[in-house]
$ cat target.tsv   # TSV, C-alpha atoms
chain	number	residue	atom	x	y	z
B	38	MET	CA	14.83	-15.66	15.38
B	39	ALA	CA	17.56	-16.57	12.96
B	40	ARG	CA	16.44	-17.17	9.43
B	41	SER	CA	18.40	-18.02	6.32
B	42	GLN	CA	19.30	-14.97	4.30
B	43	ALA	CA	17.26	-15.46	1.17
B	44	LEU	CA	13.60	-14.57	1.50
B	45	GLU	CA	11.19	-17.26	0.38
B	46	VAL	CA	8.00	-16.69	-1.48
B	47	GLN	CA	4.85	-17.48	0.44
B	48	GLU	CA	2.11	-18.62	-1.88
B	49	LYS	CA	-1.22	-17.00	-1.31
B	50	LYS	CA	-3.65	-19.28	0.42
B	51	GLU	CA	-7.15	-19.06	-0.88
B	52	GLN	CA	-10.07	-18.93	1.43
B	53	VAL	CA	-12.51	-21.76	0.99
B	54	SER	CA	-15.91	-21.22	2.53
B	55	LYS	CA	-19.10	-23.14	2.42
B	56	GLU	CA	-21.26	-20.10	1.75
B	57	GLU	CA	-20.88	-18.10	-1.42
B	58	LYS	CA	-20.89	-14.36	-1.57
B	59	THR	CA	-23.33	-12.52	-3.77
B	60	VAL	CA	-20.53	-11.03	-5.83
B	61	PRO	CA	-18.18	-13.72	-7.13
B	62	ALA	CA	-14.58	-12.91	-6.31
B	63	ARG	CA	-11.60	-14.71	-4.93
B	64	TYR	CA	-10.56	-14.08	-1.38
B	65	PHE	CA	-7.12	-14.86	-0.08
B	66	ILE	CA	-5.79	-15.16	3.42
B	67	PRO	CA	-3.26	-12.42	4.22
B	68	ASN	CA	-0.16	-13.32	6.20
B	69	THR	CA	-0.66	-12.06	9.72
B	70	ASP	CA	1.52	-11.51	12.75
B	71	ILE	CA	-0.20	-11.13	16.09
B	72	PHE	CA	1.68	-9.70	19.03
B	73	GLU	CA	0.62	-8.79	22.50
B	74	THR	CA	2.09	-6.05	24.62
B	75	GLU	CA	1.06	-4.92	28.07
B	76	ASP	CA	-1.72	-2.68	26.95
B	77	ALA	CA	-2.70	-3.80	23.47
B	78	LEU	CA	-2.91	-6.57	20.97
B	79	THR	CA	-1.32	-5.80	17.61
B	80	VAL	CA	-2.47	-7.51	14.43
B	81	VAL	CA	-0.26	-6.92	11.40
B	82	MET	CA	-1.50	-8.10	8.01
B	83	GLU	CA	0.16	-8.01	4.63
B	84	VAL	CA	-2.31	-6.70	2.08
B	85	PRO	CA	-0.34	-5.46	-0.93
B	86	GLY	CA	-2.21	-3.46	-3.52
B	87	VAL	CA	-4.95	-2.28	-1.18
B	88	THR	CA	-5.71	1.37	-0.52
B	89	LYS	CA	-7.18	2.85	2.66
B	90	GLN	CA	-10.68	3.23	1.27
B	91	ALA	CA	-10.95	-0.42	0.39
B	92	ILE	CA	-10.40	-1.78	3.87
B	93	ASP	CA	-13.24	-2.84	6.15
B	94	VAL	CA	-12.46	-3.62	9.76
B	95	SER	CA	-15.36	-4.63	11.95
B	96	VAL	CA	-15.84	-6.25	15.30
B	97	GLU	CA	-19.04	-8.10	15.95
B	98	ASN	CA	-19.77	-10.54	18.72
B	99	GLU	CA	-16.11	-10.72	19.66
B	100	VAL	CA	-15.07	-11.60	16.13
B	101	LEU	CA	-12.69	-9.26	14.38
B	102	ARG	CA	-13.24	-9.35	10.65
B	103	VAL	CA	-10.90	-7.66	8.20
B	104	GLU	CA	-11.71	-7.40	4.53
B	105	ALA	CA	-9.34	-5.69	2.12
B	106	ARG	CA	-10.27	-5.33	-1.51
B	107	ILE	CA	-8.03	-4.67	-4.46
B	108	ASP	CA	-9.08	-2.62	-7.43
B	109	PRO	CA	-9.39	-4.78	-10.55
B	110	ALA	CA	-9.85	-1.68	-12.69
B	111	LYS	CA	-6.13	-1.07	-12.41
B	112	TYR	CA	-5.48	-4.19	-14.45
B	113	GLU	CA	-8.01	-3.51	-17.17
B	114	MET	CA	-5.61	-2.47	-19.89
B	115	PHE	CA	-3.05	-5.11	-19.04
B	116	GLU	CA	-2.85	-8.53	-20.60
B	117	PRO	CA	-1.15	-11.16	-18.46
B	118	VAL	CA	1.91	-12.65	-20.11
B	119	TYR	CA	3.64	-14.47	-17.27
B	120	THR	CA	2.26	-14.81	-13.79
B	121	GLU	CA	3.59	-16.09	-10.50
B	122	TYR	CA	1.04	-15.00	-7.99
B	123	ASN	CA	-2.69	-14.62	-7.69
B	124	ILE	CA	-4.44	-11.29	-7.40
B	125	GLY	CA	-7.55	-11.00	-5.36
B	126	HIS	CA	-9.15	-9.62	-2.26
B	127	PHE	CA	-8.08	-10.44	1.25
B	128	ALA	CA	-10.24	-11.46	4.17
B	129	ARG	CA	-9.54	-12.93	7.54
B	130	SER	CA	-11.35	-13.11	10.86
B	131	PHE	CA	-10.18	-13.72	14.39
B	132	THR	CA	-12.07	-14.43	17.54
B	133	LEU	CA	-11.08	-11.93	20.19
B	134	SER	CA	-10.88	-12.68	23.84
B	135	ASN	CA	-13.01	-10.56	26.13
B	136	LYS	CA	-9.87	-8.77	27.24
B	137	ILE	CA	-10.09	-6.44	24.26
B	138	ASP	CA	-11.90	-3.15	24.50
B	139	GLN	CA	-13.94	-3.39	21.34
B	140	GLN	CA	-14.47	0.35	21.03
B	141	GLU	CA	-10.79	1.15	20.98
B	142	ILE	CA	-9.37	-0.22	17.79
B	143	SER	CA	-7.06	1.83	15.62
B	144	ALA	CA	-5.72	0.92	12.20
B	145	GLN	CA	-2.85	2.11	10.05
B	146	LEU	CA	-1.93	1.23	6.51
B	147	GLY	CA	1.56	1.66	5.09
B	148	ASP	CA	3.39	-0.03	2.19
B	149	GLY	CA	0.69	-2.64	1.89
B	150	VAL	CA	0.86	-3.58	5.56
B	151	LEU	CA	-2.19	-3.06	7.76
B	152	THR	CA	-1.50	-2.66	11.47
B	153	LEU	CA	-4.44	-2.93	13.84
B	154	THR	CA	-3.96	-1.98	17.44
B	155	LEU	CA	-6.57	-3.39	19.76
B	156	LYS	CA	-6.34	-1.91	23.21
B	157	LYS	CA	-7.04	-4.13	26.10
B	158	GLY	CA	-9.91	-3.22	28.32
B	159	LYS	CA	-9.17	-1.68	31.70
B	160	ALA	CA	-10.16	-4.82	33.52
B	161	ALA	CA	-7.48	-6.81	31.73
B	162	MET	CA	-4.55	-4.52	32.43
B	163	PRO	CA	-2.10	-5.96	34.92
B	164	ARG	CA	-2.80	-4.47	38.29
B	165	GLN	CA	-0.16	-3.86	40.86
B	166	ILE	CA	-1.17	-4.79	44.33
B	167	ALA	CA	0.61	-2.95	47.09
B	168	VAL	CA	1.91	-5.07	49.88
B	169	ASN	CA	1.49	-3.58	53.32
H	292	MET	CA	-22.47	-22.01	-12.90
H	293	ALA	CA	-20.45	-18.88	-12.39
H	294	MET	CA	-21.44	-17.70	-15.89
H	295	LEU	CA	-25.09	-17.32	-15.00
H	296	PHE	CA	-24.78	-13.92	-13.37
H	297	PRO	CA	-22.89	-10.89	-14.73
H	298	ASP	CA	-19.40	-10.96	-13.36
H	299	PRO	CA	-17.77	-7.59	-12.69
H	300	PHE	CA	-14.48	-9.34	-12.15
H	301	ASP	CA	-14.35	-10.97	-15.55
H	302	ALA	CA	-10.96	-9.55	-16.42
H	303	LEU	CA	-9.57	-10.72	-13.14
H	304	LEU	CA	-10.97	-14.22	-13.40
H	305	SER	CA	-9.60	-14.71	-16.89
H	306	PHE	CA	-6.29	-13.48	-15.58
H	307	GLN	CA	-6.38	-16.05	-12.84
H	308	GLN	CA	-7.03	-18.77	-15.39
H	309	VAL	CA	-3.99	-17.63	-17.32
H	310	LEU	CA	-2.04	-17.83	-14.11
H	311	ASP	CA	-3.03	-21.40	-13.50
H	312	THR	CA	-2.03	-22.33	-17.04
H	313	TYR	CA	1.29	-20.53	-17.05
H	314	ARG	CA	2.34	-21.57	-13.62
H	315	THR	CA	4.71	-24.22	-14.89
H	316	SER	CA	5.90	-22.33	-17.94
H	317	ASN	CA	9.54	-21.52	-18.37
H	318	TRP	CA	9.01	-18.04	-19.68
H	319	LEU	CA	11.45	-16.17	-17.51
H	320	GLY	CA	14.60	-18.16	-16.98
H	321	ALA	CA	16.82	-17.37	-14.05
H	322	SER	CA	19.75	-15.21	-15.00
H	323	PRO	CA	23.19	-16.53	-14.03
H	324	SER	CA	24.06	-13.38	-12.09
H	325	ALA	CA	21.43	-13.70	-9.41
H	326	SER	CA	18.80	-16.18	-8.49
H	327	GLY	CA	15.97	-16.32	-6.02
H	328	THR	CA	12.25	-16.38	-6.28
H	329	TYR	CA	11.25	-13.42	-4.15
H	330	PRO	CA	9.44	-11.15	-4.94
H	331	PRO	CA	6.77	-12.94	-6.96
H	332	LEU	CA	6.17	-11.14	-10.25
H	333	ASN	CA	3.43	-10.86	-12.77
H	334	VAL	CA	4.32	-9.63	-16.21
H	335	PHE	CA	1.66	-7.88	-18.24
H	336	ARG	CA	1.58	-6.55	-21.75
H	337	LYS	CA	0.09	-3.20	-22.64
H	338	GLY	CA	0.30	-2.75	-26.37
H	339	ASP	CA	3.97	-3.25	-27.20
H	340	ASP	CA	5.27	-2.43	-23.75
H	341	LEU	CA	5.69	-4.67	-20.77
H	342	VAL	CA	4.70	-4.00	-17.20
H	343	VAL	CA	6.17	-6.01	-14.35
H	344	ILE	CA	4.26	-5.92	-11.08
H	345	ALA	CA	5.75	-7.41	-7.93
H	346	GLU	CA	4.23	-7.75	-4.50
H	347	VAL	CA	6.54	-6.23	-1.93
H	348	PRO	CA	4.46	-5.63	1.19
H	349	GLY	CA	6.28	-4.05	4.11
H	350	ILE	CA	9.27	-3.02	2.01
H	351	ARG	CA	10.03	0.65	1.91
H	352	LYS	CA	11.34	2.44	-1.16
H	353	GLU	CA	14.69	2.99	0.58
H	354	ASP	CA	15.17	-0.74	1.01
H	355	LEU	CA	14.52	-1.50	-2.63
H	356	GLN	CA	17.00	-1.45	-5.47
H	357	VAL	CA	16.02	-1.78	-9.12
H	358	GLN	CA	18.58	-2.01	-11.89
H	359	VAL	CA	18.26	-2.48	-15.61
H	360	LYS	CA	20.90	-3.69	-18.01
H	361	GLY	CA	20.08	-4.74	-21.52
H	362	ASN	CA	17.09	-7.00	-21.21
H	363	THR	CA	17.75	-7.98	-17.63
H	364	ILE	CA	16.07	-6.41	-14.66
H	365	ARG	CA	17.32	-6.84	-11.15
H	366	ILE	CA	15.20	-6.30	-8.08
H	367	ALA	CA	17.06	-6.48	-4.79
H	368	GLY	CA	16.52	-5.33	-1.25
H	369	THR	CA	15.70	-6.21	2.30
H	370	LYS	CA	12.45	-6.84	4.03
H	371	ALA	CA	12.42	-6.05	7.72
H	372	VAL	CA	9.79	-7.25	10.13
H	373	GLN	CA	10.36	-5.81	13.56
H	374	TYR	CA	8.34	-5.47	16.64
H	375	GLY	CA	9.30	-3.92	19.93
H	376	ASP	CA	10.59	-5.76	22.96
H	377	ASN	CA	8.22	-6.87	25.64
H	378	THR	CA	5.94	-8.51	23.17
H	379	ALA	CA	4.38	-11.91	23.40
H	380	VAL	CA	4.02	-13.62	20.05
H	381	HIS	CA	0.68	-15.21	19.30
H	382	ARG	CA	1.15	-15.78	15.59
H	383	ARG	CA	4.04	-15.25	13.21
H	384	GLU	CA	3.47	-15.72	9.50
H	385	ARG	CA	5.36	-12.89	7.85
H	386	LEU	CA	8.86	-13.59	6.62
H	387	ALA	CA	11.79	-11.21	6.58
H	388	GLY	CA	15.18	-11.29	4.91
H	389	ASN	CA	17.17	-10.21	1.90
H	390	PHE	CA	16.23	-10.79	-1.67
H	391	ASP	CA	17.95	-10.43	-4.98
H	392	ARG	CA	16.24	-11.45	-8.15
H	393	ALA	CA	17.15	-10.96	-11.78
H	394	ILE	CA	14.86	-11.68	-14.67
H	395	SER	CA	15.39	-11.37	-18.38
H	396	VAL	CA	12.60	-10.52	-20.74
H	397	PRO	CA	12.59	-11.93	-24.27
H	398	VAL	CA	11.89	-8.58	-25.93
H	399	GLU	CA	14.22	-5.64	-26.29
H	400	ILE	CA	13.43	-2.84	-23.90
H	401	ASP	CA	14.55	0.76	-23.87
H	402	ALA	CA	16.63	0.89	-20.69
H	403	ASP	CA	16.62	4.69	-20.57
H	404	LYS	CA	12.87	4.93	-20.46
H	405	VAL	CA	12.19	2.33	-17.76
H	406	GLN	CA	10.12	3.69	-14.89
H	407	ALA	CA	9.58	2.18	-11.48
H	408	GLU	CA	6.82	3.00	-9.05
H	409	CYS	CA	6.33	1.54	-5.58
H	410	ARG	CA	3.03	2.12	-3.87
H	411	ASP	CA	0.92	0.24	-1.30
H	412	GLY	CA	3.33	-2.64	-1.25
H	413	MET	CA	3.28	-3.12	-5.03
H	414	LEU	CA	6.28	-2.42	-7.21
H	415	ALA	CA	5.43	-1.66	-10.83
H	416	LEU	CA	8.08	-1.47	-13.53
H	417	PHE	CA	7.11	0.03	-16.84
H	418	LEU	CA	9.30	-1.39	-19.58
H	419	PRO	CA	8.79	0.39	-22.88
H	420	ARG	CA	9.80	-1.61	-25.88
H	421	ALA	CA	12.82	-0.46	-27.83
H	422	GLU	CA	11.88	1.29	-31.05
H	423	ARG	CA	13.91	-1.03	-33.19
H	424	ASP	CA	12.19	-4.06	-31.73
H	425	LYS	CA	8.64	-2.97	-32.35
H	426	PRO	CA	6.80	-5.09	-34.85
H	427	LYS	CA	6.13	-3.37	-38.16
H	428	SER	CA	2.66	-3.33	-39.56
H	429	ILE	CA	2.52	-4.65	-43.07
H	430	PRO	CA	-0.38	-3.46	-45.16
H	431	VAL	CA	-2.24	-6.21	-46.91
H	432	GLY	CA	-2.88	-5.29	-50.50
$ encode --input "target.tsv" --output "structure tokens"
Amino acid sequence: MARSQALEVQEKKEQVSKEEKTVPARYFIPNTDIFETEDALTVVMEVPGVTKQAIDVSVENEVLRVEARIDPAKYEMFEPVYTEYNIGHFARSFTLSNKIDQQEISAQLGDGVLTLTLKKGKAAMPRQIAVN
Amino acid sequence: MAMLFPDPFDALLSFQQVLDTYRTSNWLGASPSASGTYPPLNVFRKGDDLVVIAEVPGIRKEDLQVQVKGNTIRIAGTKAVQYGDNTAVHRRERLAGNFDRAISVPVEIDADKVQAECRDGMLALFLPRAERDKPKSIPVG
């Protein structure tokens, strides 16, 4: 896909939900790419500022929910002088199709990018049928 | 309404209010040598020194270039988003491309002591204030 050379800034979209959480905090929607290969579905999310321990990935009732929290303690001694982007936690959920094997999900975090690999269940793999 | 219960994220919420107020401010003008808006930066103050934090998810240290000259800081690099062949795209929200951004800060910084750290997709630049620019405390008699 050809894109113009200069990278544009994507403003963080805030999540608006009807229910409130018990701990007040702002949640933003991380930019996500979802790709499908023959044997797995790959979900790649941009979550800058999040460490491994602060990520929660769960699958319940065919809904994949990812929550990534930043550490506000890092900013305690800093006073904001000029700001261009919001800082907050990230959360996003996706409904999975029944093709996914919900036990086989692996996750990797590098440079603020979380990559989830969801393997497809055996039943969903393309099957070759031999022609006699 | 939000004030009724103790808020562990107080510092963060006040920060976000500052963000909403300063959003249209002209604090950092674009330098004539390079323009661009990526990566988005937040500038913080810690005592006399400045800290610039930029969000650079998916950008490796090798693809990032940081230069300092006088009071201008330049952050340049490339962001690559690549997936293998044989993939079917369901959703594509991440952007890729080159970026080159220069900002000038209104205080004098010590270019030799500037430190840059890139971790977890966040680039932090520590800009210590030049000795000669530090405000002098004047005792009140």
$ closest_atom_pairs --input "target.tsv" --of "chain B" --to "chain H" --cutoff "9 Å" --atoms "all atoms listed in the file" --output "CSV"
residue,atom,partner,partner_atom,distance
B:Arg40,CA,H:Gly388,CA,7.5
B:Ser41,CA,H:Gly388,CA,7.6
B:Gln42,CA,H:Gly388,CA,5.6
B:Ala43,CA,H:Asn389,CA,5.3
B:Leu44,CA,H:Gly388,CA,5.0
B:Glu45,CA,H:Tyr329,CA,5.9
B:Val46,CA,H:Tyr329,CA,5.3
B:Gln47,CA,H:Leu386,CA,8.3
B:Glu48,CA,H:Pro331,CA,8.9
B:Val60,CA,H:Asp298,CA,7.6
B:Pro61,CA,H:Asp298,CA,6.9
B:Ala62,CA,H:Phe300,CA,6.8
B:Arg63,CA,H:Leu304,CA,8.5
B:Asn68,CA,H:Glu384,CA,5.5
B:Thr69,CA,H:Glu384,CA,5.5
B:Asp70,CA,H:Arg383,CA,4.5
B:Ile71,CA,H:Arg382,CA,4.9
B:Phe72,CA,H:Val380,CA,4.7
B:Glu73,CA,H:Ala379,CA,5.0
B:Thr74,CA,H:Thr378,CA,4.8
B:Glu75,CA,H:Thr378,CA,7.8
B:Val81,CA,H:Arg385,CA,8.9
B:Met82,CA,H:Arg385,CA,8.4
B:Glu83,CA,H:Pro348,CA,6.0
B:Val84,CA,H:Pro348,CA,6.9
B:Pro85,CA,H:Gly412,CA,4.6
B:Gly86,CA,H:Asp411,CA,5.3
B:Val87,CA,H:Asp411,CA,6.4
B:Thr88,CA,H:Asp411,CA,6.8
B:Pro109,CA,H:Leu303,CA,6.5
B:Ala110,CA,H:Ala302,CA,8.8
B:Tyr112,CA,H:Leu303,CA,7.8
B:Glu113,CA,H:Ala302,CA,6.8
B:Met114,CA,H:Lys337,CA,6.4
B:Phe115,CA,H:Lys337,CA,5.1
B:Glu116,CA,H:Arg336,CA,5.0
B:Pro117,CA,H:Phe335,CA,4.3
B:Val118,CA,H:Phe335,CA,5.1
B:Tyr119,CA,H:Val334,CA,5.0
B:Thr120,CA,H:Asn333,CA,4.2
B:Glu121,CA,H:Leu332,CA,5.6
B:Tyr122,CA,H:Pro331,CA,6.2
B:Asn123,CA,H:Gln307,CA,6.5
B:Ile124,CA,H:Gln307,CA,7.5
B:Gly125,CA,H:Leu303,CA,8.0
B:Leu146,CA,H:Asp411,CA,8.4
B:Gly147,CA,H:Asp411,CA,6.6
B:Asp148,CA,H:Asp411,CA,4.3
B:Gly149,CA,H:Gly412,CA,4.1
B:Val150,CA,H:Gly349,CA,5.6
$ closest_residue --input "target.tsv" --among "H:Ser428, H:Arg420, H:Asn362, H:Gln373" --to "Lys404 in chain H" --atoms "all atoms listed in the file"
H:Arg420
$ atom_distance --input "target.tsv" --atom1 "CA of Pro426 in chain H" --atom2 "CA of Lys111 in chain B"
26.2 Å
$ residues_around --input "target.tsv" --residues "Glu422 in chain H" --least-positions-apart "3" --cutoff "10 Å" --atoms "only C-alpha atoms" --output "PyMOL selection string"
chain H and resi 339+399-401+419+425-426
$ residues_around --input "target.tsv" --residues "range 92-108 of chain B" --least-positions-apart "5" --cutoff "7 Å" --atoms "all atoms listed in the file" --output "ChimeraX atom specification"
/B:86-87,125-134,139
$ atom_distance --input "target.tsv" --atom1 "CA of Tyr64 in chain B" --atom2 "CA of Glu51 in chain B"
6.1 Å
$ residues_around --input "target.tsv" --residues "Lys157 in chain B" --least-positions-apart "2" --cutoff "9 Å" --atoms "all atoms listed in the file" --output "VMD selection string"
chain B and resid 75 to 78 135 to 139 141 155 159 to 162
$ atom_distance --input "target.tsv" --atom1 "CA of Ser143 in chain B" --atom2 "CA of Ala91 in chain B"
15.9 Å
$ closest_residue --input "target.tsv" --among "H:Gln356, H:Leu418, H:Lys427, H:Gly432" --to "Gln406 in chain H" --atoms "only C-alpha atoms"
H:Leu418
$ closest_residue --input "target.tsv" --among "H:Ala421, H:Ile364, H:Ala371, H:Ala407" --to "Ile394 in chain H" --atoms "only C-alpha atoms"
H:Ile364
$ decode --input "target.tsv" --residues "range 315-394 of chain H" --atoms "C-alpha atoms" --output "PDB file, in the first residue's frame"
ATOM      1  CA  THR H 315      -4.025  25.052  21.162  1.00  0.00           C
ATOM      2  CA  SER H 316      -1.041  26.812  22.672  1.00  0.00           C
ATOM      3  CA  ASN H 317       1.827  27.882  20.499  1.00  0.00           C
ATOM      4  CA  TRP H 318       4.529  26.887  22.924  1.00  0.00           C
ATOM      5  CA  LEU H 319       6.783  24.969  20.592  1.00  0.00           C
ATOM      6  CA  GLY H 320       6.969  26.616  17.221  1.00  0.00           C
ATOM      7  CA  ALA H 321       8.062  24.609  14.230  1.00  0.00           C
ATOM      8  CA  SER H 322      11.682  25.137  13.380  1.00  0.00           C
ATOM      9  CA  PRO H 323      12.430  26.171   9.788  1.00  0.00           C
ATOM     10  CA  SER H 324      14.795  23.253   9.240  1.00  0.00           C
ATOM     11  CA  ALA H 325      12.263  20.478   9.589  1.00  0.00           C
ATOM     12  CA  SER H 326       8.574  20.248  10.110  1.00  0.00           C
ATOM     13  CA  GLY H 327       6.125  17.483  10.792  1.00  0.00           C
ATOM     14  CA  THR H 328       3.968  16.535  13.684  1.00  0.00           C
ATOM     15  CA  TYR H 329       5.035  12.965  14.335  1.00  0.00           C
ATOM     16  CA  PRO H 330       5.916  11.799  16.966  1.00  0.00           C
ATOM     17  CA  PRO H 331       3.556  13.487  19.413  1.00  0.00           C
ATOM     18  CA  LEU H 332       5.478  14.913  22.359  1.00  0.00           C
ATOM     19  CA  ASN H 333       4.784  15.857  25.899  1.00  0.00           C
ATOM     20  CA  VAL H 334       7.207  18.187  27.605  1.00  0.00           C
ATOM     21  CA  PHE H 335       7.537  17.994  31.367  1.00  0.00           C
ATOM     22  CA  ARG H 336       9.474  20.004  33.865  1.00  0.00           C
ATOM     23  CA  LYS H 337      11.393  18.448  36.709  1.00  0.00           C
ATOM     24  CA  GLY H 338      12.898  21.197  38.790  1.00  0.00           C
ATOM     25  CA  ASP H 339      14.903  23.288  36.336  1.00  0.00           C
ATOM     26  CA  ASP H 340      15.332  20.561  33.759  1.00  0.00           C
ATOM     27  CA  LEU H 341      13.042  19.550  30.959  1.00  0.00           C
ATOM     28  CA  VAL H 342      11.980  16.077  29.968  1.00  0.00           C
ATOM     29  CA  VAL H 343      10.523  15.393  26.538  1.00  0.00           C
ATOM     30  CA  ILE H 344       8.560  12.170  26.178  1.00  0.00           C
ATOM     31  CA  ALA H 345       7.430  10.965  22.762  1.00  0.00           C
ATOM     32  CA  GLU H 346       5.317   7.976  21.863  1.00  0.00           C
ATOM     33  CA  VAL H 347       7.119   5.892  19.284  1.00  0.00           C
ATOM     34  CA  PRO H 348       5.480   2.463  19.317  1.00  0.00           C
ATOM     35  CA  GLY H 349       6.941  -0.083  16.932  1.00  0.00           C
ATOM     36  CA  ILE H 350      10.064   1.965  16.249  1.00  0.00           C
ATOM     37  CA  ARG H 351      13.333   0.323  17.105  1.00  0.00           C
ATOM     38  CA  LYS H 352      16.315   2.196  18.500  1.00  0.00           C
ATOM     39  CA  GLU H 353      18.221   1.610  15.250  1.00  0.00           C
ATOM     40  CA  ASP H 354      15.544   3.410  13.265  1.00  0.00           C
ATOM     41  CA  LEU H 355      15.588   6.461  15.490  1.00  0.00           C
ATOM     42  CA  GLN H 356      17.880   9.451  15.240  1.00  0.00           C
ATOM     43  CA  VAL H 357      18.067  12.169  17.880  1.00  0.00           C
ATOM     44  CA  GLN H 358      20.167  15.290  17.423  1.00  0.00           C
ATOM     45  CA  VAL H 359      20.654  18.355  19.555  1.00  0.00           C
ATOM     46  CA  LYS H 360      21.950  21.718  18.473  1.00  0.00           C
ATOM     47  CA  GLY H 361      21.654  24.769  20.645  1.00  0.00           C
ATOM     48  CA  ASN H 362      18.089  24.780  21.858  1.00  0.00           C
ATOM     49  CA  THR H 363      16.730  22.701  19.016  1.00  0.00           C
ATOM     50  CA  ILE H 364      16.120  19.000  19.199  1.00  0.00           C
ATOM     51  CA  ARG H 365      15.553  16.879  16.157  1.00  0.00           C
ATOM     52  CA  ILE H 366      13.863  13.511  16.235  1.00  0.00           C
ATOM     53  CA  ALA H 367      13.903  11.623  12.955  1.00  0.00           C
ATOM     54  CA  GLY H 368      13.471   8.067  11.816  1.00  0.00           C
ATOM     55  CA  THR H 369      11.339   5.486  10.128  1.00  0.00           C
ATOM     56  CA  LYS H 370       8.472   3.429  11.347  1.00  0.00           C
ATOM     57  CA  ALA H 371       8.024   0.107   9.614  1.00  0.00           C
ATOM     58  CA  VAL H 372       4.898  -1.982   9.787  1.00  0.00           C
ATOM     59  CA  GLN H 373       5.371  -5.256   7.990  1.00  0.00           C
ATOM     60  CA  TYR H 374       3.586  -8.495   7.913  1.00  0.00           C
ATOM     61  CA  GLY H 375       4.416 -11.588   5.945  1.00  0.00           C
ATOM     62  CA  ASP H 376       2.927 -12.567   2.620  1.00  0.00           C
ATOM     63  CA  ASN H 377      -0.056 -14.835   2.478  1.00  0.00           C
ATOM     64  CA  THR H 378      -1.949 -12.752   4.938  1.00  0.00           C
ATOM     65  CA  ALA H 379      -5.516 -11.619   4.708  1.00  0.00           C
ATOM     66  CA  VAL H 380      -6.096  -8.194   6.203  1.00  0.00           C
ATOM     67  CA  HIS H 381      -9.055  -7.829   8.509  1.00  0.00           C
ATOM     68  CA  ARG H 382      -8.184  -4.464  10.011  1.00  0.00           C
ATOM     69  CA  ARG H 383      -5.415  -1.957   9.379  1.00  0.00           C
ATOM     70  CA  GLU H 384      -5.077   1.012  11.698  1.00  0.00           C
ATOM     71  CA  ARG H 385      -1.359   1.407  12.253  1.00  0.00           C
ATOM     72  CA  LEU H 386       0.503   3.851  10.074  1.00  0.00           C
ATOM     73  CA  ALA H 387       4.051   3.551   8.801  1.00  0.00           C
ATOM     74  CA  GLY H 388       6.445   5.982   7.176  1.00  0.00           C
ATOM     75  CA  ASN H 389       9.267   8.406   7.769  1.00  0.00           C
ATOM     76  CA  PHE H 390       9.265  11.208  10.237  1.00  0.00           C
ATOM     77  CA  ASP H 391      11.471  14.165  10.930  1.00  0.00           C
ATOM     78  CA  ARG H 392      10.575  16.642  13.586  1.00  0.00           C
ATOM     79  CA  ALA H 393      12.493  19.514  15.108  1.00  0.00           C
ATOM     80  CA  ILE H 394      11.409  21.435  18.147  1.00  0.00           C
TER      81      ILE H 394
END
